[in-house]
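Dumped protein-v2.cif below, it's mmCIF, C-alpha atoms:
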data_protein
#
loop_
_atom_site.label_atom_id
_atom_site.label_comp_id
_atom_site.auth_asym_id
_atom_site.auth_seq_id
_atom_site.Cartn_x
_atom_site.Cartn_y
_atom_site.Cartn_z
CA MET A 1 14.99 -18.29 -6.31
CA ASP A 2 18.12 -16.10 -6.07
CA ALA A 3 17.88 -14.26 -2.76
CA ALA A 4 20.82 -11.94 -3.46
CA PHE A 5 20.16 -8.37 -4.53
CA THR A 6 21.48 -7.28 -7.89
CA GLU A 7 23.92 -4.39 -8.10
CA GLU A 8 21.16 -2.27 -9.61
CA GLN A 9 18.87 -3.02 -6.66
CA HIS A 10 21.67 -2.14 -4.24
CA THR A 11 22.14 1.14 -6.07
CA ILE A 12 18.45 2.01 -5.85
CA ARG A 13 18.44 1.37 -2.11
CA ARG A 14 21.71 3.23 -1.40
CA THR A 15 20.73 6.29 -3.40
CA LEU A 16 17.27 6.48 -1.85
CA ARG A 17 18.63 5.95 1.67
CA ALA A 18 21.17 8.75 1.27
CA LEU A 19 18.50 11.20 0.15
CA LEU A 20 15.97 10.25 2.83
CA ASP A 21 18.57 10.35 5.60
CA LYS A 22 19.29 13.94 4.59
CA ARG A 23 15.73 15.14 3.95
CA CYS A 24 13.35 12.96 5.98
CA GLY A 25 14.23 12.88 9.66
CA PRO A 26 11.56 12.62 12.40
CA ASP A 27 11.25 16.41 12.66
CA GLU A 28 10.74 16.75 8.90
CA VAL A 29 8.11 14.00 8.97
CA LYS A 30 6.18 15.72 11.76
CA ALA A 31 6.28 19.01 9.88
CA ALA A 32 5.24 17.46 6.56
CA VAL A 33 2.10 15.77 7.89
CA ARG A 34 0.83 19.14 9.15
CA THR A 35 0.82 20.67 5.67
CA PRO A 36 -2.39 20.70 3.57
CA PRO A 37 -1.28 17.86 1.24
CA GLY A 38 0.11 15.83 4.16
CA TYR A 39 3.58 15.37 2.67
CA ASP A 40 6.63 17.39 1.57
CA GLU A 41 5.85 18.34 -2.03
CA GLU A 42 9.41 19.51 -2.73
CA LEU A 43 10.84 16.18 -1.53
CA TRP A 44 8.26 14.30 -3.60
CA ARG A 45 9.31 16.21 -6.73
CA GLU A 46 12.94 15.34 -6.01
CA LEU A 47 12.10 11.66 -5.48
CA ALA A 48 10.17 11.65 -8.74
CA GLY A 49 12.53 13.76 -10.84
CA ARG A 50 15.89 12.55 -9.57
CA LEU A 51 15.14 8.94 -8.64
CA HIS A 52 12.05 8.31 -10.85
CA LEU A 53 10.45 6.59 -7.86
CA PRO A 54 6.75 6.67 -8.89
CA GLY A 55 7.60 5.25 -12.32
CA LEU A 56 10.08 2.64 -11.14
CA ALA A 57 7.78 -0.31 -11.95
CA LEU A 58 6.31 1.10 -15.18
CA PRO A 59 7.50 0.18 -18.70
CA THR A 60 9.97 2.54 -20.36
CA VAL A 61 7.56 3.13 -23.25
CA TYR A 62 5.39 5.08 -20.81
CA GLY A 63 8.26 6.98 -19.23
CA GLY A 64 8.87 4.46 -16.44
CA GLY A 65 12.02 2.82 -15.20
CA GLY A 66 11.23 -0.55 -16.76
CA ARG A 67 11.78 -2.39 -13.50
CA GLY A 68 8.95 -4.15 -11.66
CA PRO A 69 7.13 -4.71 -8.37
CA THR A 70 10.29 -6.17 -6.79
CA GLU A 71 12.30 -2.97 -7.22
CA LEU A 72 9.35 -0.86 -6.11
CA ALA A 73 9.03 -2.97 -2.96
CA LEU A 74 12.74 -2.67 -2.20
CA ALA A 75 12.45 1.10 -2.52
CA CYS A 76 9.55 0.93 -0.07
CA ALA A 77 11.90 -0.63 2.49
CA GLU A 78 13.73 2.70 2.61
CA THR A 79 10.59 4.84 2.63
CA GLY A 80 9.29 2.68 5.48
CA ARG A 81 12.54 3.10 7.41
CA THR A 82 11.97 6.85 7.58
CA VAL A 83 8.14 6.61 7.73
CA LEU A 84 8.04 8.82 4.65
CA PRO A 85 4.70 10.57 4.09
CA SER A 86 4.14 10.54 0.33
CA PRO A 87 1.65 9.51 -2.38
CA LEU A 88 3.98 6.68 -3.49
CA ILE A 89 1.77 3.72 -2.50
CA ALA A 90 -1.41 5.36 -3.81
CA THR A 91 0.19 6.33 -7.13
CA ALA A 92 2.73 3.60 -7.92
CA ALA A 93 1.12 0.59 -6.23
CA LEU A 94 -2.60 1.25 -6.75
CA ALA A 95 -3.53 3.71 -9.52
CA ALA A 96 -0.74 3.23 -12.09
CA PRO A 97 -0.90 -0.61 -12.20
CA LEU A 98 -4.64 -0.53 -12.86
CA ILE A 99 -4.30 2.01 -15.66
CA LEU A 100 -1.51 -0.08 -17.15
CA ALA A 101 -3.51 -3.31 -16.91
CA LEU A 102 -6.93 -2.08 -18.04
CA GLY A 103 -6.50 1.26 -19.75
CA SER A 104 -6.73 1.84 -23.47
CA GLU A 105 -3.60 2.90 -25.33
CA ARG A 106 -4.85 6.48 -25.34
CA GLN A 107 -5.40 6.42 -21.58
CA ARG A 108 -2.01 4.81 -20.89
CA ALA A 109 -0.14 7.27 -23.10
CA GLY A 110 -2.01 10.22 -21.65
CA LEU A 111 -1.65 9.39 -17.95
CA LEU A 112 1.21 6.99 -17.22
CA PRO A 113 4.11 9.27 -18.28
CA ALA A 114 2.76 12.05 -16.04
CA LEU A 115 2.30 9.62 -13.13
CA ALA A 116 5.80 8.19 -13.68
CA SER A 117 7.40 11.64 -13.60
CA GLY A 118 5.49 12.76 -10.50
CA GLU A 119 3.72 15.51 -12.43
CA LEU A 120 0.44 13.83 -11.47
CA THR A 121 -0.45 11.65 -8.51
CA GLY A 122 -3.21 9.06 -8.44
CA THR A 123 -5.16 6.79 -6.14
CA LEU A 124 -7.83 4.10 -6.04
CA ALA A 125 -11.23 4.95 -4.56
CA VAL A 126 -13.31 2.02 -3.31
CA PRO A 127 -16.65 2.71 -1.57
CA GLY A 128 -17.39 1.40 1.89
CA GLY A 129 -13.75 1.16 3.01
CA ARG A 130 -13.47 -2.22 1.26
CA LEU A 131 -10.02 -1.75 -0.25
CA PRO A 132 -8.58 -5.04 1.14
CA THR A 133 -11.52 -6.99 -0.30
CA ALA A 134 -11.35 -5.14 -3.63
CA LEU A 135 -7.72 -6.24 -3.91
CA ALA A 136 -8.73 -9.83 -3.03
CA LEU A 137 -6.53 -9.84 0.08
CA THR A 138 -9.14 -10.40 2.78
CA GLY A 139 -11.99 -11.85 0.74
CA PRO A 140 -13.15 -12.65 -2.79
CA ASN A 141 -13.64 -9.59 -4.98
CA ASP A 142 -16.20 -11.19 -7.29
CA GLY A 143 -19.23 -10.16 -5.24
CA ASP A 144 -20.85 -6.92 -4.07
CA TRP A 145 -17.77 -5.48 -2.33
CA ALA A 146 -18.34 -2.10 -4.02
CA GLY A 147 -21.91 -1.66 -2.83
CA GLY A 148 -23.82 -4.25 -4.82
CA GLY A 149 -25.88 -1.60 -6.59
CA ARG A 150 -27.38 -0.48 -3.28
CA ALA A 151 -27.20 2.86 -1.47
CA GLY A 152 -23.80 3.53 0.07
CA GLY A 153 -21.79 2.60 -2.98
CA ILE A 154 -20.97 4.54 -6.13
CA GLN A 155 -23.28 4.26 -9.12
CA ALA A 156 -22.36 4.93 -12.74
CA HIS A 157 -24.69 5.74 -15.62
CA LYS A 158 -24.08 6.76 -19.20
CA GLU A 159 -24.66 10.31 -20.29
CA GLU A 160 -27.74 10.72 -22.43
CA GLY A 161 -26.81 10.93 -26.07
CA GLY A 162 -23.08 10.64 -25.36
CA THR A 163 -20.31 8.18 -24.62
CA GLY A 164 -19.28 9.64 -21.27
CA TRP A 165 -20.31 8.50 -17.81
CA ARG A 166 -21.55 10.12 -14.62
CA LEU A 167 -20.79 8.94 -11.09
CA TYR A 168 -22.91 9.40 -8.00
CA GLY A 169 -22.03 8.23 -4.48
CA GLU A 170 -19.27 8.47 -1.92
CA ALA A 171 -16.14 6.71 -0.74
CA GLY A 172 -14.19 7.07 2.49
CA GLN A 173 -10.67 6.19 3.58
CA VAL A 174 -9.25 6.97 0.14
CA LEU A 175 -5.47 7.06 0.40
CA ASN A 176 -4.20 10.53 -0.61
CA GLY A 177 -7.65 11.14 -2.03
CA HIS A 178 -7.67 14.84 -1.15
CA THR A 179 -4.69 15.66 -3.41
CA ALA A 180 -4.59 13.02 -6.16
CA GLU A 181 -5.16 14.44 -9.63
CA VAL A 182 -6.14 11.08 -11.13
CA LEU A 183 -8.83 9.06 -9.35
CA VAL A 184 -9.48 5.44 -10.31
CA VAL A 185 -12.99 4.94 -8.97
CA ALA A 186 -14.76 1.60 -8.53
CA ALA A 187 -18.46 1.99 -9.34
CA HIS A 188 -21.49 -0.12 -10.21
CA THR A 189 -23.25 -0.11 -13.53
CA GLY A 190 -26.52 -1.70 -14.57
CA GLY A 191 -28.52 -0.84 -11.45
CA PHE A 192 -29.43 -3.38 -8.79
CA ALA A 193 -30.70 -6.18 -11.02
CA ARG A 194 -27.76 -6.43 -13.45
CA SER A 195 -25.07 -4.82 -11.38
CA SER A 196 -21.40 -5.16 -12.32
CA THR A 197 -18.32 -3.37 -11.02
CA ARG A 198 -16.27 -1.26 -13.42
CA LEU A 199 -13.38 1.17 -12.94
CA PHE A 200 -13.61 4.79 -14.02
CA LEU A 201 -11.17 7.67 -14.38
CA VAL A 202 -11.96 11.01 -12.77
CA ARG A 203 -9.64 13.98 -13.26
CA ALA A 204 -9.29 16.38 -10.33
CA ASP A 205 -7.16 19.47 -9.83
CA GLY A 206 -5.28 18.16 -6.76
CA ALA A 207 -5.98 21.14 -4.50
CA ALA A 208 -6.38 20.05 -0.89
CA GLY A 209 -10.02 20.19 0.19
CA ALA A 210 -11.26 20.99 -3.32
CA GLY A 211 -12.74 18.92 -6.04
CA GLY A 212 -11.59 19.88 -9.50
CA ALA A 213 -14.20 17.95 -11.44
CA ASP A 214 -17.73 19.30 -11.37
CA GLY A 215 -19.68 17.75 -8.50
CA LEU A 216 -16.62 16.29 -6.74
CA ARG A 217 -16.03 17.23 -3.12
CA ARG A 218 -12.98 15.97 -1.24
CA THR A 219 -12.39 16.24 2.49
CA ARG A 220 -9.26 15.16 4.31
CA GLN A 221 -10.16 12.84 7.18
CA ALA A 222 -8.70 12.59 10.67
CA VAL A 223 -6.74 9.32 10.79
CA MET A 224 -4.57 7.54 13.31
CA ASP A 225 -1.52 7.49 11.05
CA GLU A 226 -1.01 11.01 9.76
CA THR A 227 1.82 9.85 7.49
CA ARG A 228 -0.84 8.15 5.34
CA PRO A 229 -3.40 10.92 4.71
CA GLN A 230 -6.85 9.77 3.67
CA ALA A 231 -9.92 11.53 2.35
CA ARG A 232 -13.65 11.22 1.93
CA LEU A 233 -14.91 11.68 -1.61
CA GLU A 234 -18.42 12.81 -2.46
CA LEU A 235 -19.41 12.45 -6.12
CA ARG A 236 -22.53 14.23 -7.26
CA ASP A 237 -23.06 13.53 -10.96
CA VAL A 238 -19.32 13.73 -11.61
CA PRO A 239 -18.15 13.30 -15.23
CA ALA A 240 -15.97 10.19 -15.62
CA GLU A 241 -14.34 8.06 -18.27
CA LEU A 242 -14.54 4.28 -18.38
CA LEU A 243 -11.11 2.76 -17.78
CA GLY A 244 -10.43 0.63 -20.83
CA GLU A 245 -12.75 2.28 -23.30
CA GLY A 246 -13.95 -0.09 -25.99
CA GLY A 247 -14.12 -3.18 -23.79
CA GLY A 248 -10.59 -3.29 -22.36
CA GLY A 249 -12.01 -2.63 -18.93
CA ALA A 250 -14.77 -5.22 -19.11
CA ALA A 251 -16.26 -6.30 -15.81
CA SER A 252 -14.73 -9.77 -16.19
CA ALA A 253 -11.24 -8.24 -16.26
CA VAL A 254 -11.69 -5.83 -13.37
CA GLY A 255 -11.54 -8.43 -10.61
CA ALA A 256 -8.41 -10.05 -12.06
CA ALA A 257 -6.64 -6.71 -12.46
CA LEU A 258 -7.50 -5.68 -8.91
CA ALA A 259 -6.26 -9.00 -7.56
CA ALA A 260 -2.97 -8.63 -9.46
CA THR A 261 -2.59 -5.12 -8.11
CA GLY A 262 -3.27 -6.47 -4.62
CA VAL A 263 -0.35 -8.90 -4.92
CA ALA A 264 2.16 -6.14 -5.72
CA ALA A 265 0.64 -3.66 -3.25
CA ALA A 266 0.71 -6.20 -0.40
CA ALA A 267 4.35 -7.04 -1.17
CA ALA A 268 5.28 -3.35 -1.19
CA LEU A 269 3.49 -2.69 2.09
CA ALA A 270 5.05 -5.79 3.67
CA VAL A 271 8.58 -4.71 2.76
CA GLU A 272 7.80 -1.17 3.86
CA ALA A 273 6.57 -2.49 7.22
CA VAL A 274 9.75 -4.49 7.86
CA GLY A 275 11.78 -1.42 6.90
CA ALA A 276 9.93 0.58 9.53
CA ALA A 277 10.28 -2.22 12.08
CA GLY A 278 14.01 -2.45 11.44
CA ALA A 279 14.49 1.27 12.04
CA ALA A 280 12.35 1.17 15.20
CA LEU A 281 14.32 -1.78 16.57
CA ALA A 282 17.67 -0.15 15.77
CA GLY A 283 16.60 3.03 17.56
CA THR A 284 15.44 1.09 20.60
CA VAL A 285 18.68 -0.91 20.82
CA ALA A 286 20.76 2.28 20.56
CA TYR A 287 18.77 3.94 23.32
CA VAL A 288 18.93 1.09 25.86
CA ARG A 289 22.67 0.84 25.26
CA GLU A 290 23.13 4.49 26.27
CA ARG A 291 20.51 4.92 28.97
CA GLU A 292 21.78 3.99 32.42
CA ARG A 293 19.83 2.85 35.44
CA PHE A 294 21.49 2.17 38.81
CA GLY A 295 24.86 2.78 37.24
CA ARG A 296 24.57 0.34 34.36
CA PRO A 297 23.06 0.44 30.85
CA VAL A 298 19.44 -0.70 30.65
CA GLY A 299 20.38 -2.92 27.75
CA SER A 300 22.69 -4.98 29.93
CA CYS A 301 19.71 -6.39 31.85
CA GLN A 302 18.99 -9.95 30.82
CA ALA A 303 15.23 -9.45 30.60
CA VAL A 304 15.67 -6.51 28.22
CA ARG A 305 18.14 -8.44 26.09
CA HIS A 306 15.75 -11.38 25.84
CA ARG A 307 12.93 -9.12 24.68
CA LEU A 308 15.15 -7.52 22.06
CA ALA A 309 16.35 -10.92 20.87
CA ASP A 310 12.76 -12.09 20.43
CA LEU A 311 12.00 -8.96 18.41
CA TYR A 312 15.05 -9.54 16.22
CA VAL A 313 13.96 -13.10 15.41
CA THR A 314 10.41 -11.93 14.68
CA LEU A 315 11.71 -9.17 12.41
CA GLN A 316 14.08 -11.44 10.48
CA ALA A 317 11.31 -13.96 9.81
CA ALA A 318 9.01 -11.18 8.60
CA ARG A 319 11.76 -9.73 6.41
CA SER A 320 12.33 -13.08 4.72
CA ALA A 321 8.62 -13.49 4.04
CA ALA A 322 8.26 -9.93 2.73
CA TYR A 323 11.23 -10.18 0.37
CA HIS A 324 9.98 -13.51 -0.92
CA ALA A 325 6.59 -11.91 -1.64
CA ALA A 326 8.34 -9.05 -3.47
CA TRP A 327 10.32 -11.54 -5.55
CA ALA A 328 7.18 -13.56 -6.34
CA ALA A 329 5.28 -10.42 -7.39
CA GLY A 330 7.97 -9.42 -9.87
CA ARG A 331 9.22 -12.75 -11.18
CA GLU A 332 7.54 -12.14 -14.57
CA PRO A 333 9.22 -8.99 -15.93
CA LEU A 334 7.21 -6.35 -17.75
CA ALA A 335 7.42 -6.19 -21.51
CA ALA A 336 7.67 -2.87 -23.30
CA ASP A 337 3.92 -2.80 -23.87
CA GLY A 338 3.19 -3.49 -20.22
CA SER A 339 2.37 -7.17 -20.63
CA GLY A 340 3.66 -9.75 -18.18
CA GLY A 341 4.35 -9.42 -14.47
CA ALA A 342 1.88 -8.83 -11.69
CA TYR A 343 0.85 -5.52 -13.28
CA GLY A 344 0.35 -6.40 -16.91
CA SER A 345 -0.48 -10.06 -17.35
CA GLU A 346 -3.51 -11.12 -19.30
CA PRO A 347 -6.84 -11.07 -17.42
CA GLY A 348 -7.51 -14.35 -15.74
CA VAL A 349 -3.89 -15.15 -14.92
CA THR A 350 -2.99 -12.08 -12.92
CA GLY A 351 -2.93 -12.29 -9.16
CA ARG A 352 -2.96 -16.09 -9.10
CA ALA A 353 -4.16 -17.75 -5.92
CA GLY A 354 -0.67 -18.88 -4.93
CA GLU A 355 0.77 -15.39 -5.35
CA ARG A 356 -2.11 -13.83 -3.43
CA GLY A 357 -1.57 -16.30 -0.60
CA VAL A 358 2.16 -15.53 -0.43
CA ALA A 359 1.53 -11.77 -0.47
CA ALA A 360 -1.26 -11.92 2.11
CA LEU A 361 0.74 -14.09 4.51
CA ALA A 362 3.85 -11.93 4.12
CA LEU A 363 1.83 -8.78 4.79
CA ALA A 364 0.20 -10.33 7.86
CA GLN A 365 3.58 -11.38 9.27
CA ALA A 366 5.13 -7.98 8.51
CA LEU A 367 2.26 -6.09 10.15
CA GLU A 368 2.48 -8.23 13.27
CA ALA A 369 6.26 -7.75 13.42
CA LEU A 370 5.93 -3.97 13.09
CA ARG A 371 3.24 -3.88 15.75
CA ALA A 372 5.39 -5.90 18.18
CA VAL A 373 8.55 -3.87 17.55
CA ALA A 374 6.72 -0.53 17.73
CA ALA A 375 5.10 -1.48 21.05
CA GLU A 376 8.49 -2.30 22.58
CA ALA A 377 9.97 0.88 21.08
CA VAL A 378 7.48 2.74 23.27
CA GLN A 379 7.85 0.55 26.37
CA LEU A 380 11.59 -0.17 26.69
CA PRO A 381 12.79 3.46 26.77
CA GLY A 382 10.45 4.03 29.75
CA GLY A 383 8.27 7.12 30.10
CA ILE A 384 10.16 9.01 27.40
CA GLY A 385 8.90 6.52 24.83
CA PHE A 386 5.43 8.09 25.03
CA THR A 387 6.62 11.63 24.29
CA TRP A 388 6.17 13.52 21.05
CA GLU A 389 9.91 14.18 20.81
CA ARG A 390 10.67 10.48 20.37
CA ALA A 391 10.01 8.90 16.96
CA ALA A 392 8.48 5.75 18.48
CA HIS A 393 4.92 7.00 18.05
CA LEU A 394 5.44 7.34 14.30
CA TYR A 395 6.14 3.62 14.01
CA PHE A 396 3.35 2.74 16.43
CA THR A 397 0.69 4.64 14.50
CA ARG A 398 2.07 3.33 11.19
CA ALA A 399 1.60 -0.23 12.47
CA ALA A 400 -2.00 0.47 13.48
CA GLY A 401 -2.77 2.44 10.33
CA ASP A 402 -1.46 -0.24 7.96
CA GLU A 403 -3.66 -2.87 9.59
CA LEU A 404 -6.67 -0.64 8.98
CA LEU A 405 -5.57 0.00 5.39
CA LEU A 406 -5.01 -3.54 4.09
CA GLY A 407 -5.65 -5.81 7.07
CA PRO A 408 -6.28 -6.91 9.71
CA ALA A 409 -3.68 -9.66 9.94
CA HIS A 410 -6.06 -12.45 10.94
CA ARG A 411 -8.24 -11.82 7.87
CA LEU A 412 -5.18 -11.84 5.63
CA ARG A 413 -4.22 -15.23 7.05
CA ALA A 414 -7.76 -16.59 6.73
CA ARG A 415 -7.95 -15.51 3.10
CA ALA A 416 -4.58 -17.10 2.34
CA ALA A 417 -5.77 -20.37 3.89
CA GLU A 418 -8.94 -20.20 1.80
CA GLU A 419 -6.95 -19.55 -1.39
CA ALA A 420 -4.68 -22.50 -0.59
CA GLY A 421 -7.71 -24.77 -0.18
CA LEU A 422 -6.72 -25.92 3.29
CA PHE A 423 -10.31 -26.70 4.20
CA ALA A 424 -11.67 -27.51 0.74
CA GLY A 425 -11.93 -31.23 1.43
CA ALA A 426 -13.41 -30.97 4.89
CA GLY A 427 -16.25 -33.37 5.51
CA ARG A 428 -15.61 -35.53 2.43
CA GLY A 429 -14.99 -39.22 2.80
CA ALA A 430 -15.07 -41.54 5.76
CA GLY A 431 -13.10 -40.82 8.87
CA ARG A 432 -12.99 -37.05 8.34
CA THR A 433 -14.41 -34.39 10.54
CA ALA A 434 -15.92 -31.15 9.25
CA GLY A 435 -13.50 -28.28 9.67
CA LEU A 436 -10.34 -30.40 9.22
CA PRO A 437 -8.21 -30.30 6.08
CA ALA A 438 -8.42 -33.15 3.62
CA GLY A 439 -6.30 -36.05 4.73
CA VAL A 440 -6.54 -35.20 8.43
CA ASP A 441 -8.59 -37.63 10.46
CA ALA A 442 -10.41 -36.74 13.62
#

Could you quickly redo this structure as structure tokens?
Amino acid sequence: MDAAFTEEQHTIRRTLRALLDKRCGPDEVKAAVRTPPGYDEELWRELAGRLHLPGLALPTVYGGGGRGPTELALACAETGRTVLPSPLIATAALAAPLILALGSERQRAGLLPALASGELTGTLAVPGGRLPTALALTGPNDGDWAGGGRAGGIQAHKEEGGTGWRLYGEAGQVLNGHTAEVLVVAAHTGGFARSSTRLFLVRADGAAGAGGADGLRRTRQAVMDETRPQARLELRDVPAELLGEGGGGAASAVGAALAATGVAAAAALAVEAVGAAGAALAGTVAYVRERERFGRPVGSCQAVRHRLADLYVTLQAARSAAYHAAWAAGREPLAADGSGGAYGSEPGVTGRAGERGVAALALAQALEALRAVAAEAVQLPGGIGFTWERAAHLYFTRAAGDELLLGPAHRLRARAAEEAGLFAGAGRGAGRTAGLPAGVDA
């Protein structure tokens, strides 16, 4: 592993940082989250048109930058630093990879260039708030995570006398679900007895609070972290298209594609979290250096310095883990046709157990680091840390919101341990005690 950034990666980070420093300060973030879409649409168009951010990890044949999950994750370090509200994660880390991995050539050619250019945004809708399980980060995604054919999920049935599909059900906590024009929806086919999970494409018009497709109702939800807007989707006999028409999106491939997407998405969120934690820590250090108490800077107190030192060590460890996960997710570069890498490998080899474990552990460590740093960013400045004028609350709610989105941390760690087989040999052989790893005696 070469831990040094390439010149191209440095350029991506420098260019993005310069733009966000100019256009995405705390005041701009607070104003953007109050708009109907929940983000600055003009800034998003500039990020897409000038920096090609949503298409950074897509193959050039589909209008992308031809890079990979590693470069996307490094870009997320800068968006995390400013707590940028945008549809980047929903579009570039969730919807686009699934279309690339499972979609037919017609679907790829029709959707990916528009997603790469920012003309369209997308997201993944999973019923029951089971997104972490669907991505195989907190549990196996080979079961009934999408409703199991029962009420509460989303059901799909073929149109009579046609090749189209209809969806009926609802999904909550859909990231950017109230504005995304392209919805990748997980739904069950075959009823209760022969249920299987498939992915479907639903086109919507993107207007906040409206549907677009007949029978689709979208409502923006109240969430803790307003920089990650979420929505509730109600589908009442909504027309849909099977992702991977002609068998490319077979049920056997869906779980593997979702797991591969989970690897890259977890790496991106982990790097984004350490970017946010780094900015929060830098702001806290700057403040305690300037603020005086009893005639001396608060930061000169030994107790304060010890707390900051502990945070620095925690952050550096999380950063190393997150960057390693980003490198692991993108170590197999994408080919021109989208094959290879975490996004486009053949079904059955994507999202391997080792990669999922690395990504899950890195995300857990990054979330815990952000939570710790954000808490001290509120506490160390004193009473002013709780005020709306300070940016500390943006990092604090981002830490809590990310755990709800793809966590919590303890489940990420438990799943990584399960994937690694730490307890697979428990109870086998003499001298072993149930619950202990193989080779460990009581």

Find the spatial neighbours of Ala276 of chain A, counting all atoms listed in the file, within a cut-off of 10 Å - ignore same-chain residues fewer than 6 positions away - and output them as a CSV table (one decimal) with C-alpha atoms, in the coordinates of the input.
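Once everything was written out, this is around.csv:
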chain,number,residue,atom,x,y,z
A,76,CYS,CA,9.6,0.9,-0.1
A,77,ALA,CA,11.9,-0.6,2.5
A,78,GLU,CA,13.7,2.7,2.6
A,79,THR,CA,10.6,4.8,2.6
A,80,GLY,CA,9.3,2.7,5.5
A,81,ARG,CA,12.5,3.1,7.4
A,82,THR,CA,12.0,6.8,7.6
A,83,VAL,CA,8.1,6.6,7.7
A,84,LEU,CA,8.0,8.8,4.6
A,270,ALA,CA,5.0,-5.8,3.7
A,282,ALA,CA,17.7,-0.2,15.8
A,366,ALA,CA,5.1,-8.0,8.5
A,369,ALA,CA,6.3,-7.8,13.4
A,370,LEU,CA,5.9,-4.0,13.1
A,373,VAL,CA,8.6,-3.9,17.6
A,374,ALA,CA,6.7,-0.5,17.7
A,394,LEU,CA,5.4,7.3,14.3
A,395,TYR,CA,6.1,3.6,14.0
A,396,PHE,CA,3.4,2.7,16.4
A,398,ARG,CA,2.1,3.3,11.2
A,399,ALA,CA,1.6,-0.2,12.5

Matched chain/residue IDs from the PyMOL selection byres ((chain A and resi 136-145) around 7), as number ranges by chain: A: 130, 132-135, 146-148, 255, 259, 262, 356, 360, 411-412, 415

Please identify every residue of segment 238-334 of chain A that has at least one atom no farther than 12 Å from an atom of segment 5-14 of chain A, counting all atoms listed in the file, and for each give the shortest atom pair and the distance in Å to one decimal, arranged by chain then increasing number, as a tab-separated table.
residue	atom	partner	partner_atom	distance
A:Gly275	CA	A:Arg13	CA	11.5
A:Tyr323	CA	A:Phe5	CA	10.3
A:His324	CA	A:Phe5	CA	12.0
A:Ala326	CA	A:Phe5	CA	11.9
A:Trp327	CA	A:Phe5	CA	10.4

So that I have them on file, write out the residues from the current selection with C-alpha atoms, as a compact mmCIF listing (two decimals), in the coordinates of the input.
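Contents of selection11.txt, freshly written:
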# COMPACT_ATOMS: atom_id res chain seq x y z
CA GLY A 275 11.78 -1.42 6.90
CA TYR A 323 11.23 -10.18 0.37
CA HIS A 324 9.98 -13.51 -0.92
CA ALA A 326 8.34 -9.05 -3.47
CA TRP A 327 10.32 -11.54 -5.55

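Considering only C-alpha atoms, the residue among A:Gly421, A:Gly330, A:Gly38, A:Gly385 positioned nearest to Ala268 of chain A is A:Gly330.
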
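If you measure from each of A:Val174, A:Val182, A:Pro127, A:Thr197 to Ala114 of chain A using all atoms listed in the file, the closest one turns out to be A:Val182.
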
Pull out segment 227-263 of chain A, keep C-alpha atoms, and write it as a PDB file, in the first residue's frame.
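As a result, decode-v7.pdb now contains:
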ATOM      1  CA  THR A 227     -27.487  18.964   6.384  1.00  0.00           C
ATOM      2  CA  ARG A 228     -28.599  15.453   5.357  1.00  0.00           C
ATOM      3  CA  PRO A 229     -32.256  15.932   4.348  1.00  0.00           C
ATOM      4  CA  GLN A 230     -34.374  12.791   4.320  1.00  0.00           C
ATOM      5  CA  ALA A 231     -37.836  11.980   3.064  1.00  0.00           C
ATOM      6  CA  ARG A 232     -40.698   9.553   3.404  1.00  0.00           C
ATOM      7  CA  LEU A 233     -41.838   7.955   0.163  1.00  0.00           C
ATOM      8  CA  GLU A 234     -45.333   6.586  -0.384  1.00  0.00           C
ATOM      9  CA  LEU A 235     -45.779   4.477  -3.516  1.00  0.00           C
ATOM     10  CA  ARG A 236     -49.310   3.715  -4.609  1.00  0.00           C
ATOM     11  CA  ASP A 237     -49.185   1.580  -7.758  1.00  0.00           C
ATOM     12  CA  VAL A 238     -46.215   3.558  -9.065  1.00  0.00           C
ATOM     13  CA  PRO A 239     -44.851   2.599 -12.514  1.00  0.00           C
ATOM     14  CA  ALA A 240     -41.275   1.303 -12.282  1.00  0.00           C
ATOM     15  CA  GLU A 241     -38.602  -0.356 -14.378  1.00  0.00           C
ATOM     16  CA  LEU A 242     -36.599  -3.366 -13.263  1.00  0.00           C
ATOM     17  CA  LEU A 243     -32.949  -2.418 -12.815  1.00  0.00           C
ATOM     18  CA  GLY A 244     -31.047  -4.743 -15.121  1.00  0.00           C
ATOM     19  CA  GLU A 245     -33.788  -5.639 -17.546  1.00  0.00           C
ATOM     20  CA  GLY A 246     -33.296  -9.039 -19.120  1.00  0.00           C
ATOM     21  CA  GLY A 247     -31.756 -10.695 -16.067  1.00  0.00           C
ATOM     22  CA  GLY A 248     -28.863  -8.347 -15.301  1.00  0.00           C
ATOM     23  CA  GLY A 249     -30.542  -7.407 -12.056  1.00  0.00           C
ATOM     24  CA  ALA A 250     -31.311 -10.950 -10.948  1.00  0.00           C
ATOM     25  CA  ALA A 251     -32.049 -11.425  -7.275  1.00  0.00           C
ATOM     26  CA  SER A 252     -28.797 -13.344  -6.806  1.00  0.00           C
ATOM     27  CA  ALA A 253     -26.809 -10.292  -7.952  1.00  0.00           C
ATOM     28  CA  VAL A 254     -28.677  -7.693  -5.918  1.00  0.00           C
ATOM     29  CA  GLY A 255     -27.179  -8.607  -2.551  1.00  0.00           C
ATOM     30  CA  ALA A 256     -23.629  -8.631  -3.943  1.00  0.00           C
ATOM     31  CA  ALA A 257     -24.079  -5.271  -5.654  1.00  0.00           C
ATOM     32  CA  LEU A 258     -25.530  -3.707  -2.515  1.00  0.00           C
ATOM     33  CA  ALA A 259     -22.664  -5.070  -0.423  1.00  0.00           C
ATOM     34  CA  ALA A 260     -20.105  -3.654  -2.875  1.00  0.00           C
ATOM     35  CA  THR A 261     -21.859  -0.304  -2.776  1.00  0.00           C
ATOM     36  CA  GLY A 262     -21.786  -0.471   1.018  1.00  0.00           C
ATOM     37  CA  VAL A 263     -17.994  -0.811   1.000  1.00  0.00           C
TER      38      VAL A 263
END
